[in-house]
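As provided, protein.tsv (TSV, C-alpha atoms) reads as follows.
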```tsv
chain	number	residue	atom	x	y	z
E	1373	MET	CA	198.20	78.03	40.03
E	1374	SER	CA	197.27	75.35	37.46
E	1375	LYS	CA	199.84	72.89	36.20
E	1376	CYS	CA	200.80	72.49	32.55
E	1377	ILE	CA	201.02	68.85	31.51
E	1378	ILE	CA	202.31	67.56	28.17
E	1379	LEU	CA	201.23	64.08	27.13
E	1380	THR	CA	202.85	62.19	24.27
E	1381	GLY	CA	202.77	58.74	22.70
E	1382	GLY	CA	201.42	57.26	19.51
E	1383	GLY	CA	201.64	54.94	16.56
E	1384	SER	CA	198.80	52.72	17.78
E	1385	ALA	CA	195.73	53.13	19.98
E	1386	GLY	CA	197.55	51.30	22.77
E	1387	HIS	CA	199.98	54.21	23.08
E	1388	VAL	CA	197.14	56.73	23.29
E	1389	THR	CA	194.24	55.28	25.29
E	1390	PRO	CA	196.12	55.25	28.67
E	1391	ASN	CA	196.79	58.96	28.18
E	1392	ILE	CA	193.10	59.49	27.43
E	1393	ALA	CA	192.31	57.65	30.69
E	1394	LEU	CA	194.19	60.37	32.61
E	1395	LEU	CA	192.37	63.31	31.02
E	1396	PRO	CA	189.25	63.51	33.26
E	1397	TYR	CA	191.39	63.55	36.39
E	1398	LEU	CA	193.88	66.11	35.03
E	1399	ARG	CA	190.96	68.35	33.97
E	1400	ALA	CA	189.40	68.03	37.42
E	1401	GLN	CA	192.64	69.36	38.91
E	1402	GLY	CA	192.55	72.36	36.59
E	1403	CYS	CA	195.57	71.28	34.54
E	1404	GLU	CA	196.38	72.85	31.20
E	1405	ILE	CA	196.79	69.82	28.93
E	1406	HIS	CA	198.77	69.55	25.69
E	1407	TYR	CA	199.46	66.55	23.48
E	1408	ILE	CA	202.42	66.10	21.12
E	1409	GLY	CA	202.17	63.59	18.27
E	1410	LEU	CA	202.39	63.11	14.51
E	1411	ALA	CA	200.13	64.92	12.05
E	1412	GLY	CA	197.51	62.66	10.50
E	1413	SER	CA	198.17	59.95	13.08
E	1414	ILE	CA	195.90	57.84	15.24
E	1415	GLU	CA	196.90	59.97	18.23
E	1416	GLU	CA	195.75	63.14	16.45
E	1417	LYS	CA	192.44	61.48	15.54
E	1418	LEU	CA	191.76	60.23	19.07
E	1419	ILE	CA	192.89	63.41	20.80
E	1420	SER	CA	190.82	65.59	18.44
E	1421	GLU	CA	187.75	63.95	19.98
E	1422	GLN	CA	188.77	65.16	23.46
E	1423	ARG	CA	187.87	68.58	24.81
E	1424	ASP	CA	190.33	71.03	26.32
E	1425	VAL	CA	193.43	69.31	24.91
E	1426	LYS	CA	195.67	71.20	22.49
E	1427	PHE	CA	197.37	68.95	19.92
E	1428	HIS	CA	200.81	69.87	18.56
E	1429	ALA	CA	202.23	68.04	15.54
E	1430	ILE	CA	205.93	67.26	15.19
E	1431	GLU	CA	207.99	65.00	12.95
E	1432	SER	CA	209.71	61.82	14.06
E	1433	GLY	CA	211.34	58.78	12.53
E	1434	LYS	CA	210.60	55.16	13.21
E	1435	PHE	CA	213.18	52.88	14.83
E	1436	ARG	CA	213.40	49.67	12.83
E	1437	ARG	CA	215.21	46.43	13.58
E	1438	TYR	CA	215.34	45.50	9.90
E	1439	PHE	CA	216.96	47.05	6.81
E	1440	SER	CA	215.02	49.84	5.17
E	1441	LEU	CA	216.09	52.85	3.11
E	1442	LYS	CA	213.98	54.91	5.52
E	1443	ASN	CA	216.57	54.13	8.19
E	1444	LEU	CA	218.79	56.60	6.34
E	1445	SER	CA	216.28	59.47	6.37
E	1446	ASP	CA	214.36	58.92	9.59
E	1447	PRO	CA	217.20	60.04	11.93
E	1448	PHE	CA	216.89	63.49	10.35
E	1449	LYS	CA	213.16	63.45	11.12
E	1450	VAL	CA	214.00	62.65	14.75
E	1451	LEU	CA	216.40	65.59	14.86
E	1452	LYS	CA	213.74	67.88	13.42
E	1453	GLY	CA	211.25	66.53	15.96
E	1454	ILE	CA	213.68	67.32	18.79
E	1455	SER	CA	214.03	70.89	17.50
E	1456	GLN	CA	210.24	71.29	17.23
E	1457	SER	CA	209.76	69.84	20.71
E	1458	LYS	CA	212.36	72.17	22.23
E	1459	LYS	CA	210.40	75.15	20.91
E	1460	LEU	CA	207.24	73.73	22.48
E	1461	MET	CA	209.01	73.25	25.82
E	1462	LYS	CA	210.15	76.86	25.73
E	1463	SER	CA	206.72	78.26	24.87
E	1464	LEU	CA	204.57	75.98	27.04
E	1465	GLN	CA	206.86	75.69	30.09
E	1466	PRO	CA	205.32	72.36	31.20
E	1467	ASP	CA	205.50	71.10	34.76
E	1468	VAL	CA	205.54	67.45	33.61
E	1469	VAL	CA	205.94	65.55	30.35
E	1470	PHE	CA	204.26	62.14	30.49
E	1471	SER	CA	205.17	59.72	27.72
E	1472	LYS	CA	203.34	56.50	26.81
E	1473	GLY	CA	205.91	55.41	24.25
E	1474	GLY	CA	205.95	54.84	20.52
E	1475	PHE	CA	208.56	56.40	18.24
E	1476	VAL	CA	206.89	59.84	18.26
E	1477	SER	CA	207.63	60.16	21.99
E	1478	VAL	CA	211.42	59.92	21.64
E	1479	PRO	CA	212.14	63.47	20.37
E	1480	VAL	CA	209.68	64.89	22.89
E	1481	VAL	CA	211.36	63.20	25.84
E	1482	ILE	CA	214.86	64.10	24.63
E	1483	ALA	CA	213.84	67.74	24.22
E	1484	ALA	CA	212.23	67.83	27.68
E	1485	LYS	CA	215.23	66.49	29.58
E	1486	GLY	CA	216.68	69.18	31.82
E	1487	LYS	CA	213.80	71.57	31.10
E	1488	THR	CA	211.05	69.81	33.04
E	1489	THR	CA	210.22	66.55	34.79
E	1490	VAL	CA	209.93	63.56	32.44
E	1491	ILE	CA	207.83	60.48	33.27
E	1492	CYS	CA	207.78	57.48	30.93
E	1493	HIS	CA	205.26	54.67	31.16
E	1494	GLU	CA	206.05	51.17	29.89
E	1495	SER	CA	203.05	48.97	29.20
E	1496	ASP	CA	204.74	45.79	28.02
E	1497	TYR	CA	206.50	43.10	30.02
E	1498	THR	CA	209.87	44.28	28.68
E	1499	PRO	CA	210.57	47.79	27.33
E	1500	GLY	CA	210.32	48.38	23.59
E	1501	LEU	CA	213.06	50.12	21.63
E	1502	ALA	CA	211.45	53.57	21.79
E	1503	ASN	CA	211.04	53.38	25.57
E	1504	ARG	CA	214.54	51.98	26.04
E	1505	ILE	CA	215.83	55.14	24.37
E	1506	ALA	CA	213.36	57.50	26.04
E	1507	GLY	CA	213.91	55.88	29.43
E	1508	ARG	CA	217.49	57.16	29.50
E	1509	PHE	CA	216.11	60.69	29.64
E	1510	ALA	CA	213.31	60.00	32.14
E	1511	ASP	CA	213.24	61.08	35.78
E	1512	THR	CA	210.69	58.38	36.63
E	1513	ILE	CA	209.59	55.22	34.78
E	1514	CYS	CA	206.17	53.73	35.55
E	1515	VAL	CA	205.68	50.06	34.67
E	1516	THR	CA	202.54	47.98	34.20
E	1517	PHE	CA	204.03	44.58	35.12
E	1518	GLU	CA	205.90	44.31	38.40
E	1519	ASP	CA	208.33	41.89	36.71
E	1520	THR	CA	209.39	44.67	34.32
E	1521	LEU	CA	211.45	46.23	37.11
E	1522	GLU	CA	213.97	43.42	36.61
E	1523	HIS	CA	214.53	44.50	32.99
E	1524	LEU	CA	215.39	48.16	33.56
E	1525	GLY	CA	219.05	47.84	34.48
E	1526	LYS	CA	220.50	51.08	35.83
E	1527	LYS	CA	217.12	52.83	35.58
E	1528	ARG	CA	215.49	50.47	38.09
E	1529	SER	CA	216.10	52.95	40.91
E	1530	ALA	CA	213.95	55.48	39.01
E	1531	ALA	CA	211.13	53.01	38.37
E	1532	VAL	CA	207.84	52.36	40.14
E	1533	HIS	CA	205.21	49.68	39.56
E	1534	THR	CA	201.90	51.45	38.95
E	1535	GLY	CA	199.87	49.30	36.60
E	1536	THR	CA	198.31	51.04	33.59
E	1537	PRO	CA	195.63	53.75	33.46
E	1538	ILE	CA	192.18	52.45	32.50
E	1539	ARG	CA	189.68	54.67	30.69
E	1540	ARG	CA	186.92	55.59	33.14
E	1541	GLU	CA	184.19	55.34	30.51
E	1542	LEU	CA	184.84	51.62	30.05
E	1543	PHE	CA	183.18	51.01	33.42
E	1544	SER	CA	180.00	52.84	32.38
E	1545	GLY	CA	178.87	50.37	29.70
E	1546	LYS	CA	175.35	48.91	29.74
E	1547	ARG	CA	174.56	45.44	28.42
E	1548	GLU	CA	171.13	46.51	27.15
E	1549	ARG	CA	172.61	49.33	25.06
E	1550	GLY	CA	175.23	46.96	23.68
E	1551	LEU	CA	172.62	44.41	22.62
E	1552	GLN	CA	170.52	47.13	21.02
E	1553	PHE	CA	173.51	48.49	19.08
E	1554	LEU	CA	174.45	45.02	17.84
E	1555	GLY	CA	170.94	43.82	17.15
E	1556	PHE	CA	171.46	40.67	19.25
E	1557	ASP	CA	168.72	39.26	21.50
E	1558	GLY	CA	171.13	38.19	24.26
E	1559	LYS	CA	170.10	34.53	24.20
E	1560	LYS	CA	173.59	33.41	23.16
E	1561	PRO	CA	176.77	34.45	24.98
E	1562	ILE	CA	178.68	37.10	23.05
E	1563	ILE	CA	182.36	36.91	22.12
E	1564	LEU	CA	184.27	40.11	21.34
E	1565	ILE	CA	187.18	39.52	18.95
E	1566	MET	CA	189.85	42.22	18.65
E	1567	GLY	CA	193.06	42.31	16.65
E	1568	GLY	CA	194.20	45.74	17.83
E	1569	SER	CA	193.54	49.12	16.24
E	1570	LEU	CA	195.48	48.08	13.12
E	1571	GLY	CA	193.79	44.70	12.78
E	1572	ALA	CA	195.32	41.23	12.58
E	1573	ALA	CA	195.05	39.27	9.34
E	1574	ALA	CA	195.81	35.83	10.81
E	1575	LEU	CA	193.28	36.30	13.61
E	1576	ASN	CA	190.67	37.63	11.20
E	1577	ASP	CA	191.13	34.66	8.86
E	1578	GLY	CA	190.95	32.14	11.71
E	1579	VAL	CA	187.77	33.65	13.11
E	1580	ARG	CA	186.02	33.80	9.77
E	1581	ALA	CA	186.91	30.20	8.97
E	1582	ALA	CA	185.39	29.12	12.29
E	1583	LEU	CA	182.21	31.23	12.01
E	1584	PRO	CA	179.84	28.39	10.95
E	1585	LYS	CA	180.74	26.46	14.11
E	1586	LEU	CA	181.23	29.41	16.46
E	1587	THR	CA	177.86	30.99	15.71
E	1588	LYS	CA	176.01	27.82	16.63
E	1589	GLN	CA	176.86	28.56	20.27
E	1590	PHE	CA	177.88	32.23	20.37
E	1591	ASP	CA	177.14	35.61	18.85
E	1592	ILE	CA	180.30	37.24	17.51
E	1593	VAL	CA	181.43	40.89	17.51
E	1594	HIS	CA	184.55	41.26	15.40
E	1595	LEU	CA	186.71	44.42	15.42
E	1596	CYS	CA	188.85	43.58	12.42
E	1597	GLY	CA	190.85	46.75	11.71
E	1598	LYS	CA	190.83	49.48	9.09
E	1599	GLY	CA	190.24	48.19	5.58
E	1600	LYS	CA	189.74	44.61	6.76
E	1601	LEU	CA	185.96	44.23	6.57
E	1602	ASP	CA	184.70	41.25	4.53
E	1603	GLU	CA	181.42	42.38	3.00
E	1604	SER	CA	180.82	38.93	1.47
E	1605	ILE	CA	179.98	37.42	4.88
E	1606	ASN	CA	176.26	37.10	5.58
E	1607	CYS	CA	175.87	35.50	8.99
E	1608	PRO	CA	173.03	36.43	11.43
E	1609	GLY	CA	175.19	35.91	14.52
E	1610	TYR	CA	178.18	37.92	13.28
E	1611	ARG	CA	178.85	41.67	13.41
E	1612	GLN	CA	182.06	43.15	12.04
E	1613	TYR	CA	183.46	46.67	12.42
E	1614	GLU	CA	186.75	48.28	11.52
E	1615	TYR	CA	186.93	50.07	14.86
E	1616	ILE	CA	184.52	50.94	17.67
E	1617	GLY	CA	184.94	54.05	19.80
E	1618	ARG	CA	182.03	55.51	21.75
E	1619	GLU	CA	180.02	52.27	21.84
E	1620	LEU	CA	182.91	50.09	23.10
E	1621	PRO	CA	181.92	50.24	26.82
E	1622	ASP	CA	178.45	48.94	25.96
E	1623	LEU	CA	179.86	46.19	23.74
E	1624	LEU	CA	182.18	45.10	26.54
E	1625	ALA	CA	179.30	45.11	29.02
E	1626	ALA	CA	177.42	42.73	26.73
E	1627	THR	CA	180.44	40.48	26.18
E	1628	GLU	CA	181.08	37.18	27.99
E	1629	LEU	CA	184.51	36.39	26.50
E	1630	VAL	CA	187.25	38.21	24.60
E	1631	VAL	CA	189.55	36.80	21.91
E	1632	SER	CA	192.40	39.22	21.34
E	1633	ARG	CA	195.98	39.92	20.50
E	1634	ALA	CA	198.06	40.50	23.62
E	1635	GLY	CA	198.87	44.19	23.54
E	1636	ALA	CA	199.38	45.24	27.15
E	1637	ASN	CA	196.92	48.12	27.36
E	1638	ALA	CA	194.06	46.14	25.85
E	1639	VAL	CA	194.57	43.08	28.05
E	1640	PHE	CA	194.76	45.17	31.21
E	1641	GLU	CA	191.50	46.85	30.24
E	1642	PHE	CA	189.91	43.40	29.88
E	1643	LEU	CA	191.42	42.43	33.23
E	1644	ALA	CA	189.96	45.48	34.96
E	1645	LEU	CA	186.54	44.62	33.49
E	1646	CYS	CA	186.86	40.95	34.52
E	1647	LYS	CA	186.53	39.60	30.98
E	1648	PRO	CA	187.98	36.09	30.50
E	1649	MET	CA	190.45	36.17	27.61
E	1650	LEU	CA	191.81	33.92	24.91
E	1651	LEU	CA	195.03	35.63	23.84
E	1652	ILE	CA	196.63	35.00	20.45
E	1653	PRO	CA	199.89	36.97	20.62
E	1654	LEU	CA	201.82	38.23	17.65
E	1655	PRO	CA	204.47	35.61	16.81
E	1656	LEU	CA	208.21	36.29	16.89
E	1657	SER	CA	208.23	36.39	13.11
E	1658	ALA	CA	206.17	39.59	13.25
E	1659	SER	CA	207.28	41.21	16.51
E	1660	ARG	CA	209.99	41.48	19.15
E	1661	GLY	CA	208.09	38.98	21.30
E	1662	ASP	CA	206.48	41.46	23.70
E	1663	GLN	CA	202.97	40.08	23.17
E	1664	ILE	CA	204.21	36.54	23.83
E	1665	GLN	CA	205.65	37.75	27.15
E	1666	ASN	CA	202.45	39.65	28.01
E	1667	ALA	CA	200.31	36.60	27.25
E	1668	GLY	CA	202.61	34.31	29.21
E	1669	TYR	CA	202.33	36.53	32.27
E	1670	PHE	CA	198.53	36.60	32.07
E	1671	SER	CA	198.42	32.84	31.65
E	1672	ARG	CA	200.66	32.29	34.70
E	1673	LYS	CA	198.46	34.60	36.76
E	1674	GLY	CA	195.32	32.71	35.76
E	1675	TYR	CA	193.83	35.67	33.90
E	1676	ALA	CA	193.80	34.21	30.39
E	1677	MET	CA	194.26	31.24	28.10
E	1678	VAL	CA	196.81	31.41	25.28
E	1679	LEU	CA	196.66	30.02	21.75
E	1680	GLU	CA	199.79	30.49	19.65
E	1681	GLN	CA	199.20	31.81	16.15
E	1682	GLU	CA	201.08	28.85	14.69
E	1683	GLN	CA	198.41	26.54	16.16
E	1684	LEU	CA	195.47	28.75	15.15
E	1685	ASN	CA	192.86	27.12	12.94
E	1686	GLU	CA	189.09	26.79	13.06
E	1687	ASN	CA	189.20	23.67	15.25
E	1688	THR	CA	191.77	24.89	17.80
E	1689	LEU	CA	189.98	28.23	18.03
E	1690	LEU	CA	186.62	26.56	18.64
E	1691	ASP	CA	188.07	24.16	21.23
E	1692	SER	CA	189.86	26.99	23.07
E	1693	VAL	CA	186.78	29.23	23.12
E	1694	ASN	CA	184.60	26.41	24.45
E	1695	ASP	CA	187.18	25.58	27.13
E	1696	LEU	CA	187.42	29.23	28.16
E	1697	TYR	CA	183.64	29.57	28.35
E	1698	ASP	CA	183.35	26.44	30.50
E	1699	ARG	CA	186.01	27.78	32.89
E	1700	ARG	CA	185.00	31.45	32.76
E	1701	LEU	CA	184.01	31.72	36.43
E	1702	SER	CA	187.41	30.50	37.60
E	1703	PHE	CA	189.03	33.29	35.57
E	1704	THR	CA	186.73	36.11	36.69
E	1705	ALA	CA	187.19	35.15	40.34
E	1706	THR	CA	190.81	36.39	40.27
E	1707	MET	CA	190.50	39.41	37.96
E	1708	SER	CA	190.68	43.15	38.68
E	1709	ALA	CA	193.27	45.84	37.93
E	1710	ASP	CA	193.34	49.61	37.42
E	1711	GLY	CA	196.53	51.63	37.69
E	1712	THR	CA	195.01	55.07	37.02
E	1713	ASP	CA	195.32	56.38	40.57
E	1714	GLU	CA	198.88	55.11	40.93
E	1715	VAL	CA	200.02	56.83	37.72
E	1716	LEU	CA	198.24	60.06	38.70
E	1717	ASP	CA	199.96	59.95	42.08
E	1718	VAL	CA	203.35	59.89	40.32
E	1719	ILE	CA	202.40	62.82	38.06
E	1720	ARG	CA	201.07	64.85	41.01
E	1721	ALA	CA	204.15	64.18	43.10
E	1722	GLU	CA	206.58	65.12	40.33
E	1723	ALA	CA	204.62	68.27	39.46
E	1724	ALA	CA	204.60	69.29	43.13
E	1725	LYS	CA	208.38	68.80	43.37
E	1726	ARG	CA	208.91	71.02	40.38
E	1727	SER	CA	206.70	73.81	41.75
E	1728	LYS	CA	208.92	73.97	44.84
E	1729	LYS	CA	212.09	74.49	42.83
```
The structure given in the file should be rewritten as structure tokens.
Amino acid sequence: MSKCIILTGGGSAGHVTPNIALLPYLRAQGCEIHYIGLAGSIEEKLISEQRDVKFHAIESGKFRRYFSLKNLSDPFKVLKGISQSKKLMKSLQPDVVFSKGGFVSVPVVIAAKGKTTVICHESDYTPGLANRIAGRFADTICVTFEDTLEHLGKKRSAAVHTGTPIRRELFSGKRERGLQFLGFDGKKPIILIMGGSLGAAALNDGVRAALPKLTKQFDIVHLCGKGKLDESINCPGYRQYEYIGRELPDLLAATELVVSRAGANAVFEFLALCKPMLLIPLPLSASRGDQIQNAGYFSRKGYAMVLEQEQLNENTLLDSVNDLYDRRLSFTATMSADGTDEVLDVIRAEAAKRSKK
């Protein structure tokens, strides 16, 4: 008898792509797969491109650490989302709910508690607010960083270090296809610059200021985020896109170095592909500090160099990129990571336990 699996998580691509990485393996096992997220969201867009996955829209409120009038109304959205999710649990009768975090996952996990097995996955070095709430209702918590186990308090006994799932298609990229797509001749090393699915204004500005110097030595591929293209730039060694989907494996295959924010899912994908990284984490003024912790861990492990946003300018960026390129072989010698099998093992084991009840 096939298993019914509900996946949830959203708000950014980083909360969705690890779930997408699991899909080929769940399909191969004959699982019935459902996804719960917000209507009109990035998770709905990305999941709509996947076959054999039924998307269900619910409401949810965002958990903010700052004052906003929406803090008064969003708890009611969470309550409505819990009610909607309970109806889905009753109708779908899932064997496992697997949550990748983000505020949309909270009502799903709360509704699932006691009705099925709940697995949460934490990508960052320390749990975010949504996963701290959802984790209280989880039967098992998978973590990407082994050090995260120290930050789970009473839930540590329910936690397992798995790493993060990596999309299988990322390993199928071809350099020749990437060069053809970009229109580069391959004579210069290529740098891929990513600010996350939502873009990063400070990173975009720093890169564009440094373009005259950078493009003397490198060709640049810049994923700058929705609405953040600069059509005024006319530079032969520079390609800019809001977002790349299907062609990303080929672009990565053609890439020598990556300059990126330090979202956990993205940096572990670069690690699995052995791409030396210059990480520019979101500063504390714009985040809870999770990217700073992620970047610090990668730096300590010898997987990446780090440039703080406060020090980012055209000269520091150029110096850091040149240093990384000169030392690239020492970075690639230690790199490799893919937690897909480990996460799947947890899902299989929990689904098997439930079938015996």
Pick from E:Leu1601, E:Thr1380, E:Val1631, E:Ile1538 nearest to E:Ile1491, counting all atoms listed in the file
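Looking at the shortest contact to E:Ile1491, the residue is E:Thr1380.
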Do a neighbour search on E:Gln1456 at 9 Å with only C-alpha atoms, toss out local chain neighbours closer than 2 positions, and write the hits as number ranges by chain.
E: 1429-1431, 1451-1454, 1458-1461, 1479-1480, 1483
In terms of the shortest atom-to-atom distance over all atoms listed in the file, which of E:Gly1578, E:Gly1473, E:Pro1655, E:Gly1555 is closest to E:Asp1591?
E:Gly1555
Straight-line distance linking atom CA of E:Leu1679 with atom CA of E:Met1566, stated in Å to one decimal:
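Between atom CA of E:Leu1679 and atom CA of E:Met1566 the gap works out to 14.3 Å.
Our summary of the geometry notes that atom CA of E:Pro1396 is positioned 18.5 Å from atom CA of E:Pro1466.
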Which one is closest to E:Cys1492: E:Ile1378, E:Ala1574, E:Ile1664, E:Cys1607? Count all atoms listed in the file.
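With all atoms listed in the file as the atom set, the closest residue is E:Ile1378.
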Would you compute the distance between atom CA of E:Arg1508 and atom CA of E:Leu1716? Give it in Å to one decimal.
21.5 Å
Excluding E:Lys1725 and any residue of its chain fewer than 3 positions from it, enumerate the residues within 12 Å of it, using all atoms listed in the file, and give them as a compact mmCIF listing (two decimals) with C-alpha atoms, in the frame of the given file.
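Result written to selection-v7.txt:
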```
# COMPACT_ATOMS: atom_id res chain seq x y z
CA LYS E 1375 199.84 72.89 36.20
CA ASP E 1467 205.50 71.10 34.76
CA VAL E 1468 205.54 67.45 33.61
CA THR E 1488 211.05 69.81 33.04
CA THR E 1489 210.22 66.55 34.79
CA ASP E 1511 213.24 61.08 35.78
CA VAL E 1718 203.35 59.89 40.32
CA ILE E 1719 202.40 62.82 38.06
CA ARG E 1720 201.07 64.85 41.01
CA ALA E 1721 204.15 64.18 43.10
CA GLU E 1722 206.58 65.12 40.33
CA LYS E 1728 208.92 73.97 44.84
CA LYS E 1729 212.09 74.49 42.83
```
(207.2, 53.6, 29.1) in this file's frame - what residues fall within 10 Å of it? Use all atoms listed in the file and give the answer as a list in words.
Gly1381, His1387, Phe1470, Ser1471, Lys1472, Gly1473, Gly1474, Ser1477, Ile1491, Cys1492, His1493, Glu1494, Ser1495, Asp1496, Thr1498, Pro1499, Gly1500, Ala1502, Asn1503, Arg1504, Ile1505, Ala1506, Gly1507, Ala1510, Thr1512, Ile1513, Cys1514, Val1515 and Thr1516 of chain E
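Remark: for E:Glu1548, the closest of the candidate residues E:Gly1668, E:Pro1621, E:Gly1674, E:Gly1386 is E:Pro1621 (distances computed over all atoms listed in the file).
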Dump as JSON, numbers by chain all residues having an atom at most 7 Å from (173.5, 31.4, 25.0), computed in the file's coordinates with all atoms listed in the file.
{"E": [1559, 1560, 1561, 1589, 1590]}
Could you check which of E:Pro1390, E:Cys1376, E:Arg1672, E:Leu1418 is closest to E:Ile1405, using all atoms listed in the file?
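Closest to E:Ile1405, using all atoms listed in the file: E:Cys1376.
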For E:Pro1447, the nearest of the candidates E:Leu1595, E:Met1707, E:Val1478, E:Leu1395, counting only C-alpha atoms:
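When distances to E:Pro1447 are compared using only C-alpha atoms, the smallest one comes from E:Val1478.
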Give me, as a count of residues only, all polymer residues having an atom no more than 9 Å from stretch 1696-1705 of chain E, counting only C-alpha atoms and skipping those fewer than 6 positions away in the same chain.
12
Just the residues within 9 Å of E:Asp1713, please, counting all atoms listed in the file, with nothing from its chain fewer than 3 positions along; format it as a list in words.
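The residues satisfying every condition are Leu1394, Thr1534, Pro1537, Asp1710, Leu1716, Asp1717 and Val1718 of chain E.
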Residues within 12 Å of E:Glu1541, all atoms listed in the file, excluding chain neighbours under 6 positions, as a ChimeraX atom specification
/E:1389,1392-1396,1617-1622,1624-1625,1641,1645
